[in-house]
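Encoded as structure tokens, the structure appears first; notes follow it.
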Amino acid sequence: MHQLTEFSTRNDLDVSLAQSVSEILAQAIKRKGKASIAVSGGSTPKGFFKVLSQSDIDWSKVTITLADERWVAIDSQDSNTRLVHENLLQNNAAAANFFHLKQGEEFSDETLNDLNIAAKATLLPLDVLILGMGEDGHTASLFPCSDEINVALNETNDAALLKVQPKTAPHQRISFTFASLITSKNIFLHSCGEGKKTVLTQALNGDDLLEMPIRAFLQHPSLNTQIFWAP
């Protein structure tokens with residue numbers, strides 16, 4: 001299910017979320033000697049990234065990855081990897097390890113298979129998952145009514161990652177599957193703005209997962225997705 005926390009400012013949200021995440025990562029490191037976190041792309045998490053990057057934890061034992069990535073050049077303005085490098089892999093967090101979803105130029109089945117094996121071996125289950133949400137209710141690259149959405153949302157899907165070619169957004173993408181993401185020990189939805197609050201209300205008041213894939217995380221009976229929202 002879900003738990004909603006509303007903040008008066010985005011900075012308050014960023015500070016609170018960074019504190020929660022750093023505590024979880026520190027506890028994971030203490031318990032098992034390592035920690036893993038997947039984050040979302042886009043402009044919303046930049047402030048959170050900058051606050052989190054200053055957290056005083058042993059970042060050398062943390063592996064960071066993305067919930068999804070566009071198959072574009074790393075230096076592209078559309079690259080989530082670039083976003084993470086410029087905003088999160090800075091300050092103390094510069095010591096963290098980064099698991100690249102976009103590897104090489106060719107997006108072959110062999111590349112996808114290799115990434116699936118590596119993700120299962122080094123990342124999953126994630127200690128922390130930070131999701132974003134689009135105006136259409138997509139999260140990661142799980143887009144409404146896309147050709148891949150049924151496979152992507154299948155809880156019995158053994159794949160950690162899949163190729164996505166959205167009909168309503170640019171670029172071929174790679175995304176973690178719902179089945180792999182719901183194994184995460186702590187799931188957060190980071191959302192800002194009145195427009196996203198409207199989308200969130202729609203997501204919470206309907207049950208068609210294909211229409212709004214974010215519902216799969218908000219309404220799943222065994223999940224406790226923590227929603228952090230600010231104007």
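Here, A, B, ... name the chains of the structure tokens in the order displayed, residue numbers run from 1 inside each chain, and ligands are numbered from 1 in the same displayed order.
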
- Message: Which residues are near A:Thr44? Cut-off 8 Å, only C-alpha atoms, ignore same chain within fewer than 3 positions. Put them as a count of residues only.
- Response: 6

- Message: So that I can check the surroundings of stretch 84-90 of chain A, please list as an NGL selection string every protein, DNA and RNA residue that reaches within 6 Å of it, counting only C-alpha atoms and ignoring chain neighbours fewer than 6 positions away.
- Response: :A and (49-50 or 53)

- Query: Please, which residues of stretch 25-231 of chain A, numbered as in this document, come out strand (DSSP E or B) from DSSP, as a PyMOL selection string?
  - Reply: chain A and resi 35-39+62-66+68-70+97-98+128-131+139+142+161-164+173-176+187-192+225-230

- Task: Measure the distance from atom CA of A:Ile37 to atom CA of A:Gly195 in Å and round it to one decimal.
- Result: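 Straight-line distance from atom CA of A:Ile37 to atom CA of A:Gly195 works out to 26.9 Å.
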
- Item | DSSP-assigned alpha helix (DSSP H) members of stretch 131-161 of chain A, reported as number ranges by chain | A: 149-152

I need the residues from that last selection saved to file as a PDB file, in the first residue's frame (with all heavy atoms), if you can.
ATOM      1  N   ILE A 149       4.229  -3.360 -21.509  1.00  0.00           N
ATOM      2  CA  ILE A 149       3.733  -3.126 -20.157  1.00  0.00           C
ATOM      3  C   ILE A 149       3.251  -4.391 -19.456  1.00  0.00           C
ATOM      4  O   ILE A 149       3.450  -4.560 -18.250  1.00  0.00           O
ATOM      5  CB  ILE A 149       2.632  -2.033 -20.146  1.00  0.00           C
ATOM      6  CG1 ILE A 149       2.375  -1.565 -18.715  1.00  0.00           C
ATOM      7  CG2 ILE A 149       1.369  -2.524 -20.838  1.00  0.00           C
ATOM      8  CD1 ILE A 149       3.576  -0.954 -18.026  1.00  0.00           C
ATOM      9  N   ASN A 150       2.622  -5.312 -20.166  1.00  0.00           N
ATOM     10  CA  ASN A 150       2.156  -6.537 -19.517  1.00  0.00           C
ATOM     11  C   ASN A 150       3.309  -7.369 -18.988  1.00  0.00           C
ATOM     12  O   ASN A 150       3.257  -7.897 -17.867  1.00  0.00           O
ATOM     13  CB  ASN A 150       1.303  -7.359 -20.485  1.00  0.00           C
ATOM     14  CG  ASN A 150      -0.087  -6.774 -20.679  1.00  0.00           C
ATOM     15  OD1 ASN A 150      -0.845  -6.636 -19.728  1.00  0.00           O
ATOM     16  ND2 ASN A 150      -0.412  -6.410 -21.904  1.00  0.00           N
ATOM     17  N   VAL A 151       4.369  -7.475 -19.775  1.00  0.00           N
ATOM     18  CA  VAL A 151       5.572  -8.194 -19.338  1.00  0.00           C
ATOM     19  C   VAL A 151       6.239  -7.434 -18.202  1.00  0.00           C
ATOM     20  O   VAL A 151       6.687  -8.019 -17.210  1.00  0.00           O
ATOM     21  CB  VAL A 151       6.549  -8.390 -20.512  1.00  0.00           C
ATOM     22  CG1 VAL A 151       7.865  -8.984 -20.019  1.00  0.00           C
ATOM     23  CG2 VAL A 151       5.930  -9.274 -21.578  1.00  0.00           C
ATOM     24  N   ALA A 152       6.297  -6.113 -18.334  1.00  0.00           N
ATOM     25  CA  ALA A 152       6.976  -5.286 -17.341  1.00  0.00           C
ATOM     26  C   ALA A 152       6.312  -5.367 -15.972  1.00  0.00           C
ATOM     27  O   ALA A 152       6.985  -5.325 -14.938  1.00  0.00           O
ATOM     28  CB  ALA A 152       7.006  -3.836 -17.810  1.00  0.00           C
TER      29      ALA A 152
END

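If only C-alpha atoms are the atoms counted, then among A:Asp208, A:Glu106, A:Asp127, A:Asp14 the closest residue to A:Leu52 is A:Asp14.
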
- Item | A:Asp136 surroundings by only C-alpha atoms, 8 Å radius, close-in-sequence under 4 positions cut, as a PyMOL selection string | chain A and resi 143-144+199+212

- For stretch 64-75 of chain A, list every protein, DNA or RNA residue within 7 Å, evaluated using only C-alpha atoms, and leave out those in the same chain fewer than 3 positions away; present the list as a PyMOL selection string. chain A and resi 36-40+79-82+96-102+140-141+171-176

Same residues, N, CA, C and O atoms, output as an mmCIF file, in the first residue's frame:
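Dumped to out-v1.cif:
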data_model
loop_
_atom_site.group_PDB
_atom_site.id
_atom_site.type_symbol
_atom_site.label_atom_id
_atom_site.label_comp_id
_atom_site.auth_asym_id
_atom_site.auth_seq_id
_atom_site.Cartn_x
_atom_site.Cartn_y
_atom_site.Cartn_z
ATOM 1 N N SER A 36 22.723 -0.979 -1.631
ATOM 2 C CA SER A 36 22.406 -0.646 -3.020
ATOM 3 C C SER A 36 21.183 0.241 -3.073
ATOM 4 O O SER A 36 20.254 0.100 -2.268
ATOM 5 N N ILE A 37 21.175 1.165 -4.041
ATOM 6 C CA ILE A 37 20.071 2.098 -4.208
ATOM 7 C C ILE A 37 19.865 2.380 -5.681
ATOM 8 O O ILE A 37 20.833 2.541 -6.438
ATOM 9 N N ALA A 38 18.612 2.406 -6.100
ATOM 10 C CA ALA A 38 18.248 2.822 -7.455
ATOM 11 C C ALA A 38 17.468 4.121 -7.354
ATOM 12 O O ALA A 38 16.594 4.266 -6.496
ATOM 13 N N VAL A 39 17.794 5.062 -8.228
ATOM 14 C CA VAL A 39 17.154 6.368 -8.191
ATOM 15 C C VAL A 39 16.468 6.649 -9.529
ATOM 16 O O VAL A 39 16.743 5.992 -10.533
ATOM 17 N N SER A 40 15.598 7.639 -9.533
ATOM 18 C CA SER A 40 14.903 8.032 -10.752
ATOM 19 C C SER A 40 15.651 9.174 -11.433
ATOM 20 O O SER A 40 16.504 9.825 -10.831
ATOM 21 N N SER A 79 20.361 12.039 -20.812
ATOM 22 C CA SER A 79 20.935 10.904 -20.098
ATOM 23 C C SER A 79 20.715 11.024 -18.594
ATOM 24 O O SER A 79 21.148 11.999 -17.963
ATOM 25 N N ASN A 80 20.042 10.043 -18.020
ATOM 26 C CA ASN A 80 19.897 10.003 -16.563
ATOM 27 C C ASN A 80 21.231 9.735 -15.882
ATOM 28 O O ASN A 80 21.463 10.176 -14.758
ATOM 29 N N THR A 81 22.101 8.994 -16.567
ATOM 30 C CA THR A 81 23.438 8.737 -16.019
ATOM 31 C C THR A 81 24.194 10.046 -15.826
ATOM 32 O O THR A 81 24.849 10.252 -14.795
ATOM 33 N N ARG A 82 24.104 10.921 -16.809
ATOM 34 C CA ARG A 82 24.746 12.238 -16.684
ATOM 35 C C ARG A 82 24.177 12.995 -15.487
ATOM 36 O O ARG A 82 24.921 13.604 -14.713
ATOM 37 N N ALA A 96 31.122 6.430 -4.176
ATOM 38 C CA ALA A 96 30.182 5.324 -4.420
ATOM 39 C C ALA A 96 30.474 4.631 -5.744
ATOM 40 O O ALA A 96 31.112 5.189 -6.651
ATOM 41 N N ASN A 97 30.024 3.401 -5.858
ATOM 42 C CA ASN A 97 30.106 2.652 -7.109
ATOM 43 C C ASN A 97 28.846 2.948 -7.926
ATOM 44 O O ASN A 97 27.770 3.142 -7.374
ATOM 45 N N PHE A 98 28.986 2.963 -9.249
ATOM 46 C CA PHE A 98 27.817 3.214 -10.106
ATOM 47 C C PHE A 98 27.645 2.057 -11.076
ATOM 48 O O PHE A 98 28.562 1.683 -11.794
ATOM 49 N N PHE A 99 26.439 1.492 -11.069
ATOM 50 C CA PHE A 99 26.102 0.391 -11.977
ATOM 51 C C PHE A 99 25.429 0.995 -13.205
ATOM 52 O O PHE A 99 24.304 1.484 -13.138
ATOM 53 N N HIS A 100 26.123 0.946 -14.332
ATOM 54 C CA HIS A 100 25.629 1.544 -15.568
ATOM 55 C C HIS A 100 24.589 0.639 -16.223
ATOM 56 O O HIS A 100 24.856 -0.536 -16.491
ATOM 57 N N LEU A 101 23.419 1.190 -16.491
ATOM 58 C CA LEU A 101 22.431 0.447 -17.269
ATOM 59 C C LEU A 101 22.728 0.552 -18.762
ATOM 60 O O LEU A 101 22.493 -0.392 -19.520
ATOM 61 N N LYS A 102 23.221 1.706 -19.185
ATOM 62 C CA LYS A 102 23.545 1.907 -20.590
ATOM 63 C C LYS A 102 25.015 1.560 -20.810
ATOM 64 O O LYS A 102 25.897 2.262 -20.366
ATOM 65 N N ALA A 140 9.614 4.638 -13.514
ATOM 66 C CA ALA A 140 10.744 4.045 -14.232
ATOM 67 C C ALA A 140 10.429 4.248 -15.722
ATOM 68 O O ALA A 140 10.014 5.334 -16.108
ATOM 69 N N SER A 141 10.587 3.224 -16.570
ATOM 70 C CA SER A 141 10.121 3.338 -17.954
ATOM 71 C C SER A 141 8.976 2.359 -18.197
ATOM 72 O O SER A 141 8.875 1.730 -19.248
ATOM 73 N N HIS A 171 13.274 7.986 -27.368
ATOM 74 C CA HIS A 171 14.404 7.118 -27.056
ATOM 75 C C HIS A 171 13.993 5.702 -26.611
ATOM 76 O O HIS A 171 13.058 5.520 -25.825
ATOM 77 N N GLN A 172 14.723 4.737 -27.116
ATOM 78 C CA GLN A 172 14.629 3.384 -26.576
ATOM 79 C C GLN A 172 15.214 3.414 -25.174
ATOM 80 O O GLN A 172 16.129 4.191 -24.886
ATOM 81 N N ARG A 173 14.705 2.553 -24.314
ATOM 82 C CA ARG A 173 15.103 2.601 -22.909
ATOM 83 C C ARG A 173 15.351 1.203 -22.359
ATOM 84 O O ARG A 173 14.899 0.210 -22.914
ATOM 85 N N ILE A 174 16.025 1.188 -21.220
ATOM 86 C CA ILE A 174 16.147 -0.024 -20.431
ATOM 87 C C ILE A 174 15.562 0.294 -19.063
ATOM 88 O O ILE A 174 15.778 1.384 -18.512
ATOM 89 N N SER A 175 14.777 -0.637 -18.524
ATOM 90 C CA SER A 175 14.095 -0.391 -17.258
ATOM 91 C C SER A 175 14.107 -1.651 -16.409
ATOM 92 O O SER A 175 14.030 -2.770 -16.926
ATOM 93 N N PHE A 176 14.184 -1.463 -15.104
ATOM 94 C CA PHE A 176 13.958 -2.585 -14.200
ATOM 95 C C PHE A 176 12.491 -2.989 -14.288
ATOM 96 O O PHE A 176 11.610 -2.165 -14.502
#

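Excluding A:Leu25 itself and any same-chain residue fewer than 2 positions from it, the protein and nucleic acid residues within 8 Å of it, counting only C-alpha atoms, are Val21, Ser22, Glu23, Gln27, Ala28, Ile29, Ala35, Ser36, Ile57, Val62, Asp127 and Val128 of chain A.
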
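If only C-alpha atoms are the atoms counted, then among A:Val51, A:Ile24, A:Ala216, A:Ala95 the closest residue to A:Asn11 is A:Val51.
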